[in-house]
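K.L.:
Sharing a structure with you now.
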Amino acid sequence: MYVCVILLSVSLQAILCECDVRHPGTSSHSLLERPRKVASSESVSERPNKGGLLRDSRRAYRDSQKVKHDVKQVDETPPGDGETQEIFYVDVQDDAGDEAIENTFWNDSDVIDVYAYDDVPGIWESRRPRSRSKGQAGVLPKWQRLPTLENISRFKKLVQQTMACRQLPALTLALVKGGHVILTANLGHADPELHVPVTRSTRFAIGSLTKAFTSTVVSEVLWRRNISLDTPIDQLMPDSFQLMDEVRTRSVTTRDLLGHRTGVPGYFHALMMGFPSHVTRRQLLSRLRYVPAVVPLRSEFLYNNYLYTLAAHVVEHLTGRSWEALVRDHILRPLGMRSTGFVDETKDFGQFALPCALVNGTLRNLAPELLLSVSPCGPAGSLYSTAHDMARWLQLLLGNGSTPDGKRVVQESVLEETTRPVMPPPGIGTDLTRPDFPVADVEQSYGMGWITSNYRGYRKVWHSGGIVTFSSRLWLLPGAGAGLFVATNGPQTKAKGHALTAITSMAADLLLGEKFWLNSSTVCTFPAPWKPTSETSRHTAADTATSSTEDRVPRDRSTEKGTKRGSEEFHTRHLPDEELMGVYSHKAFGDMVIEQVVQNDVTLSETDVTEPVIPKGHDHSESATGSGNSSERLLLKFGRFGKLKLTRVRPDRANQWEGRFVGPLWYVTASDESRDPLRVQFLQDDAGNVDGIRFPIDGKYDIIEFEKRQQDPRLSSSYSASCRGCSFKSVVLAVAVSHVLGICMVWRLTPM
């Protein structure tokens with residue numbers, strides 16, 4: 001009896017091994033083996049086929065495409081690890097010579113893309129749904145099938161073509177379906193000027209994709225404490241919470257903050273220029289009481305990064321821990337997102353793709369330190385990441401809060417709450433509708449860090465991100481169990497926005513099994529031929545409305561007719577520079593300093609006086625100087641990076657000036673995609689004395705006025721902050737002078 005059972009068990013085991021049967025629910029982690037070391041001269045096709053899982057169809061497809069494999073071995077230490085781990089990747093290159101998608105091994109526990117590998121146990125074969133012949137019952141719907149290798153190859157080529165024609169220097173992307181990473185790609189150059197290639201470890205700032213991390217952590221903390229998202233914040237922070245009016249102070253909830261329905265505009269430019277480094281999150285949020293609202297509470301969608309930061313500060317107050325620590329403990333560490341962090345905590349940007357701008361058609365690098373401008377509003381957009389890490393985030397979201405191996409990280413109800421509709425769609429003008437376009441992609445609602453749309457009949461939950469010139473998109477297609485992430489480092493053009501729309505649409509079609517509605521021609525012309533477009537204009541409304549810190553040029557309202565104080569109807573006399581100089585202050589946004597500057601003034605640092613290259617045909621020097629006197633220039637200093645050279649618009653407009661950025665933000669007013677200066681208006685009292693300045697803190701609502709409080713700029717707090725490094729020397733000098741004077745006095749009083 002026992003002998004028969006043993007023989008039967010051995011026979012069954014042999015059959016299972018020969019047929020390579022695996023349980024459909026087996027985690028892909030258990031299917032992976034550590035790849036053996038391979039000499040770079042050894043061909044992939046010569047390597048042994050472990051487990052006998054290589055399908056003849058895969059080999060035939062590879063041979064038909066004449067794909068050449070170059071196997072390399074790299075040693076690298078992932079961030080936070082104490083020992084060097086081996087990384088193997090295969091660069092696939094076809095006969096056309098274009099660089100293919102990079103596929104990588106990280107360590108034993110990672111889910112990896114194995115399409116380019118012949119010697120790895122077959123995740124593809126074991127996971128690929130077995131489609132039946134046409135007409136046979138039980139055929140899987142196309143949205144449940146994994147993409148074919150042919151379609152993946154076609155998608156890869158279209159992405160590369162899109163990057164080339166739209167001038168995207170670098171791109172990273174990740175595709176996930178059915179709990180598995182289908183594809184990761186790292187393409188282009190992280191350093192556009194030096195042509196340093198993007199690698200698997202290259203970091204990309206993801207801007208407002210951070211908001212989904214914030215809404216998840218905030219909702220999770222409140223859920224654990226049995227606090228509703230609709231509880232007024234005044235009840236959670238009774239001693240320290242105050243907004244601009246009594247109604248908002250007593251009524252605003254966390255859901256209002258995360259759903260952008262407080263009625264307070266974004267006041268973006270203060271954040272673009274950066275608050276001084278010594279301003280803390282608590283200090284900034286305490287100033288919100290001085291930021292004016294423009295519409296009633298819960299009446300209109302108005303995107304606001306400051307109030308998103310306030311939502312994160314609520315849980316900081318409740319837990320006694322920073323938002324950064326909460327994100328690490330609740331999301332990053334449980335998911336193993338070791339290459340993800342916060343830009344405002346970064347000291348060395350050596351592993352980052354560099355932001356860039358176009359000047360006369362040539363890419364120029366920008367200072368990565370501009371990313372620090374997000375501080376102290378990190379919860380609105382400070383995260384950076386890689387495609388590999390963002391694939392893990394996609395898996396968690398599509399797994400309803402659980403990882404592919406079943407580990408619960410976030411409560412399912414918490415994630416559902418973040419995507420629940422809070423406000424009507426923002427109406428940012430990016431909907432695709434039929435019959436104008438071959439497909440429909442229409443927004444439906446805004447939740448908490450997520451927009452819900454309908455793409456080709458499928459529910460789409462998504463958001464975009466932008467900071468400096470970085471742009472990113474993340475889509476979830478919950479019905480198909482699929483998701484995608486894509487990010488690029490610039491430049492900030494409308495062409496880039498169209499490129500991201502094309503790439504994300506093609507990626508979604510690939511994951512859904514739909515026929516691509518874009519081809520090798522239309523990826524470079526979209527939205528044409530369906531609608532006309534101007535590639536040289538500013539970036540898309542999607543980037544401006546849903547991005548964290550996109551660098552937008554404000555709407556010029558200074559020349560609109562009206563009876564605002566300081567308008568030309570009241571005063572037309574010429575205002576000397578001396579009357580304009582001084583310190584102007586706002587209770588929420590701090591000090592703005594106006595100083596007189598002569599060209600090549602030695603008081604400015606080298607980076608300040610370096611004139612940016614004005615695009616050909618757009619030199620405004622004549623109109624800017626107005627009177628023809630180039631010495632009539634003023635320097636406006638505001639925030640961490642904000643420095644603008646001011647010139648008069650025209651002699652007959654005495655109090656209206658144009659400003660062009662100098663220093664790190666030069667590209668905002670002097671690159672191909674952004675050429676117009678900012679308009680600044682000096683305000684006068686009834687007697688004609690200069691008593692304020694109107695500066696476009698918000699591109700739409702021209703309501704912020706800075707009040708003049710000091711005539712001498714050297715007395716301002718910002719000036720004092722810039723001279724802190726000199727304080728010790730000043731004290732020493734003062735002591736020395738006092739000592740010498742004391743000796744002299746003693747000598748004078750001593751009788752001869």
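Naming works like this for the structure tokens: A, B, ... for the chains as they're shown, residue 1 at the start of each chain, ligands 1 onward in shown order.
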Find the spatial neighbours of stretch 410-421 of chain A, counting only C-alpha atoms, within a cut-off of 9 Å - ignore same-chain residues fewer than 2 positions away - and output them as JSON, numbers by chain.

P.N.:
{"A": [212, 215, 216, 217, 219, 220, 223, 258, 259, 330, 331, 396, 397, 399, 400, 401, 402, 408, 423, 424, 444, 445, 446, 447, 448, 449, 450, 451, 452, 461]}

K.L.:
For N, CA and C atoms, I'd like the residues from the last selection saved as a tab-separated table (two decimals), in the first residue's frame.

P.N.:
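Writing the result to out.tsv gives the following:
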```tsv
chain	number	residue	atom	x	y	z
A	212	ALA	N	-0.94	62.32	-4.30
A	212	ALA	CA	-1.60	61.04	-4.00
A	212	ALA	C	-0.95	60.37	-2.79
A	215	SER	N	-2.41	62.46	0.19
A	215	SER	CA	-3.81	62.15	0.52
A	215	SER	C	-3.94	60.75	1.12
A	216	THR	N	-3.10	59.81	0.65
A	216	THR	CA	-3.14	58.46	1.20
A	216	THR	C	-2.69	58.44	2.65
A	217	VAL	N	-1.57	59.09	2.94
A	217	VAL	CA	-1.04	59.10	4.31
A	217	VAL	C	-1.98	59.85	5.24
A	219	SER	N	-5.22	60.37	4.91
A	219	SER	CA	-6.44	59.57	5.11
A	219	SER	C	-6.18	58.36	6.01
A	220	GLU	N	-5.02	57.73	5.86
A	220	GLU	CA	-4.68	56.57	6.68
A	220	GLU	C	-4.54	56.95	8.14
A	223	TRP	N	-7.95	57.70	9.53
A	223	TRP	CA	-8.72	56.46	9.67
A	223	TRP	C	-8.31	55.69	10.92
A	258	LEU	N	-7.83	68.76	0.49
A	258	LEU	CA	-7.31	67.78	-0.46
A	258	LEU	C	-8.09	67.79	-1.78
A	259	GLY	N	-9.29	68.37	-1.77
A	259	GLY	CA	-10.10	68.43	-2.99
A	259	GLY	C	-10.07	69.78	-3.67
A	330	HIS	N	4.82	54.81	6.13
A	330	HIS	CA	3.54	54.26	5.65
A	330	HIS	C	3.62	53.71	4.24
A	331	ILE	N	4.54	54.24	3.41
A	331	ILE	CA	4.55	53.84	2.00
A	331	ILE	C	5.93	53.41	1.51
A	396	LEU	N	0.69	48.65	-5.74
A	396	LEU	CA	-0.07	48.84	-4.50
A	396	LEU	C	-1.44	49.43	-4.79
A	397	LEU	N	-1.47	50.45	-5.63
A	397	LEU	CA	-2.74	51.11	-5.94
A	397	LEU	C	-3.70	50.16	-6.66
A	399	GLY	N	-3.57	46.98	-6.49
A	399	GLY	CA	-3.86	45.88	-5.57
A	399	GLY	C	-4.73	46.29	-4.41
A	400	ASN	N	-5.35	47.47	-4.50
A	400	ASN	CA	-6.25	47.97	-3.45
A	400	ASN	C	-5.58	48.02	-2.08
A	401	GLY	N	-4.31	48.41	-2.08
A	401	GLY	CA	-3.60	48.58	-0.82
A	401	GLY	C	-2.72	47.43	-0.41
A	402	SER	N	-2.68	46.38	-1.23
A	402	SER	CA	-1.84	45.22	-0.94
A	402	SER	C	-0.79	45.05	-2.03
A	408	ARG	N	-0.53	43.60	3.24
A	408	ARG	CA	-1.39	44.77	3.36
A	408	ARG	C	-0.57	45.96	3.83
A	423	MET	N	-15.15	67.22	-6.22
A	423	MET	CA	-15.55	68.40	-6.98
A	423	MET	C	-15.77	68.02	-8.44
A	424	PRO	N	-16.55	68.82	-9.17
A	424	PRO	CA	-16.63	68.61	-10.62
A	424	PRO	C	-15.25	68.73	-11.23
A	444	GLN	N	-14.28	63.48	-15.41
A	444	GLN	CA	-15.57	63.35	-14.74
A	444	GLN	C	-15.59	64.02	-13.37
A	445	SER	N	-14.51	63.89	-12.61
A	445	SER	CA	-14.51	64.47	-11.26
A	445	SER	C	-13.09	64.56	-10.73
A	446	TYR	N	-12.93	65.38	-9.67
A	446	TYR	CA	-11.67	65.44	-8.94
A	446	TYR	C	-11.91	64.90	-7.54
A	447	GLY	N	-11.00	64.02	-7.09
A	447	GLY	CA	-11.11	63.46	-5.76
A	447	GLY	C	-10.15	64.15	-4.81
A	448	MET	N	-9.24	63.37	-4.23
A	448	MET	CA	-8.22	63.93	-3.34
A	448	MET	C	-6.86	63.49	-3.88
A	449	GLY	N	-6.31	64.31	-4.77
A	449	GLY	CA	-5.06	63.98	-5.42
A	449	GLY	C	-5.24	63.11	-6.65
A	450	TRP	N	-6.49	62.92	-7.08
A	450	TRP	CA	-6.77	62.09	-8.25
A	450	TRP	C	-7.88	62.73	-9.08
A	451	ILE	N	-7.75	62.62	-10.39
A	451	ILE	CA	-8.80	63.00	-11.33
A	451	ILE	C	-9.38	61.71	-11.91
A	452	THR	N	-10.70	61.62	-11.96
A	452	THR	CA	-11.35	60.46	-12.58
A	452	THR	C	-11.85	60.86	-13.96
A	461	VAL	N	-8.21	56.72	-13.59
A	461	VAL	CA	-7.90	57.54	-12.42
A	461	VAL	C	-6.46	58.01	-12.60
```

K.L.:
Between A:Leu158, A:Val409, A:Leu140, A:Ile467, which one has atoms that come closest to A:Asn519, using only C-alpha atoms?

P.N.:
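For A:Asn519, the nearest of the given residues is A:Leu158.
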
K.L.:
Write out as a ChimeraX atom specification the set of residues from stretch 112-299 of chain A that DSSP, computed on the backbone, places in helix (DSSP H, G or I).

P.N.:
/A:123-127,142-144,149-166,207-224,233-236,246-251,254-258,268-273,281-286,288-290

K.L.:
Given only C-alpha atoms as the basis, pick out the residue of A:Pro664, A:Gly582, A:Phe526, A:Trp657 nearest to A:Arg709.

P.N.:
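So, comparing all the options, the nearest one is A:Gly582.
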